[in-house]
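Student: Quick one: structure below, then a few questions.
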Amino acid sequence: MSRTESLEPQARPATVISASAASVAPFLAMEILEAAQELERRGADIAHLEVGEPDFDMPAAVKEAVDRAARQGHTHYTHSLGVRELREAIAARYARRYGLEVDPGRVIVTSGSSGGLALVMALLLDPGDEVLIPDPGYACYPNFVRMFHGRPRPFRLDPRSGFACEPAAVRAAVGPRSRLLVVNSPANPTAAVQTLDTLRELAGLGIPVLSDEIYHGLEYGPRAASLLEVTGECFVIDGFSKRWAMTGLRLGWLVAPERFVPPLQRLQQNLFICASSVAQQAGIAAIERCEEDARAMVEEYRRRREVLVSGLKRLGFPIPADPMGAYYVLAGARHLGRDSLALAKRILFEARVGVTPGIDFGAEAEGHLRFSFASRLDRIEEGLRRLGSWLGQAP
Ligand SMILES: Cc1ncc(COP(=O)(O)O)c(C=O)c1O
């Protein structure tokens, strides 16, 4: 087909959306949340255990930085790669936390870690390329892949091994069109933390690896290893949403091998121009002044985790692996129903507790429910009490 023909305006009716847009599945957690909000509008009280974002206010120093940034006129476009001071602060944090030397020139400040995901997919995927993604895994991964005309190729995480990412299972899923492997540790929704050895083996498979490290810092055992500790030949995304409770500021970063920075910069210039200028000033404050706030939040999550995990176990939910990071518990629920979406809706409407259906996270997570301990302790206790009455037993 010639170039003029492909641009033919009457080629298809304007109302038809692209196949890639049509292939994007709905985010069922949002469906539950929206149904919960509708119940709340009608006066119901809902215990929200479905939420995927911290309930904490952002740290005081971050708030001040937002105010100051607005007053000082940090409200224009910045350099597409991000302001130098923030890129240097991010690089310095790798030195402090992981003992790693990361050149600030390899750091690209993005619109949330989601922005980094989009950039890497746009950089690497040609139509039909496969991206190996964990199952269970973050609900948006397959949709990002499809939006960039790729094909998601799930590999199984085994609950019996605590959802460890088995390099052999990944290797078995590799095919001639495999273009990228996505790893996520600590993970959503399994809360599993992968070992340094696992990351090393995955990096050795010969496929570019994207490591989603957005939950780093939220750990309840050993510190999660960064893929950058294994190799510089990888893509790492991280951000401010979870650790510093800054979800609404939409700020993240991507570390990429140096030779990919120029093409990533071109993509960033065209897709996003730059990350939010105000948020970037807030990001500097978060890194330089809010490690203590982040630590205090982790201690609170740890208390909530104890209560939620022991409460769910008492209620008879099998928990294949205690959460080692993030703020989720992926619990078995087949004893209550095989269809996790139908079950989550019943729990919402009958027990007034919001939970996320496992099916949102892939076929392997069907028959599970994801409970979040990002909500306040008293709301977690209330949720457990309601679940207990609903199940006809005391929590
Ligand atoms: C595993 C994972 N990656 C990435 C994101 C996106 O986070 P953000 O764009 O806010 O940085 C989320 C959000 O829930 C997530 O759970």
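By convention here, the chains of the structure tokens are called A, B, ... in the order presented, each chain's residues are numbered starting at 1, and ligands are numbered starting at 1 in the order presented.
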Per DSSP on the backbone, what are the alpha helix (DSSP H) residues of stretch 53-261 of chain A, as number ranges by chain?
Tutor: A: 60-71, 84-98, 112-124, 140-147, 167-173, 196-203, 261
Student: At a cut-off of 8 Å around ligand 1, and using only C-alpha atoms and all ligand atoms, what residues come up? Please write them as a ChimeraX atom specification.
Tutor: /A:52-53,111-115,117,137-138,140,184,187-189,212-215,238-242,247-248,250-252
Student: List every residue of stretch 208-357 of chain A that DSSP, applied to the backbone, labels as strand (DSSP E), and write the result as a PyMOL selection string.
Tutor: chain A and resi 209-212+235-239+252-255+328-332+353-354+356-357
Student: Counting only C-alpha atoms, what is within 8 Å of A:Val102, bar same-chain residues fewer than 4 positions away, as a ChimeraX atom specification?
Tutor: /A:91-92,94-95,106
Student: Hey, which of A:Glu382, A:Glu31, A:Glu288, A:Asp55 ends up closest to A:Leu341? Count only C-alpha atoms.
Tutor: A:Glu31
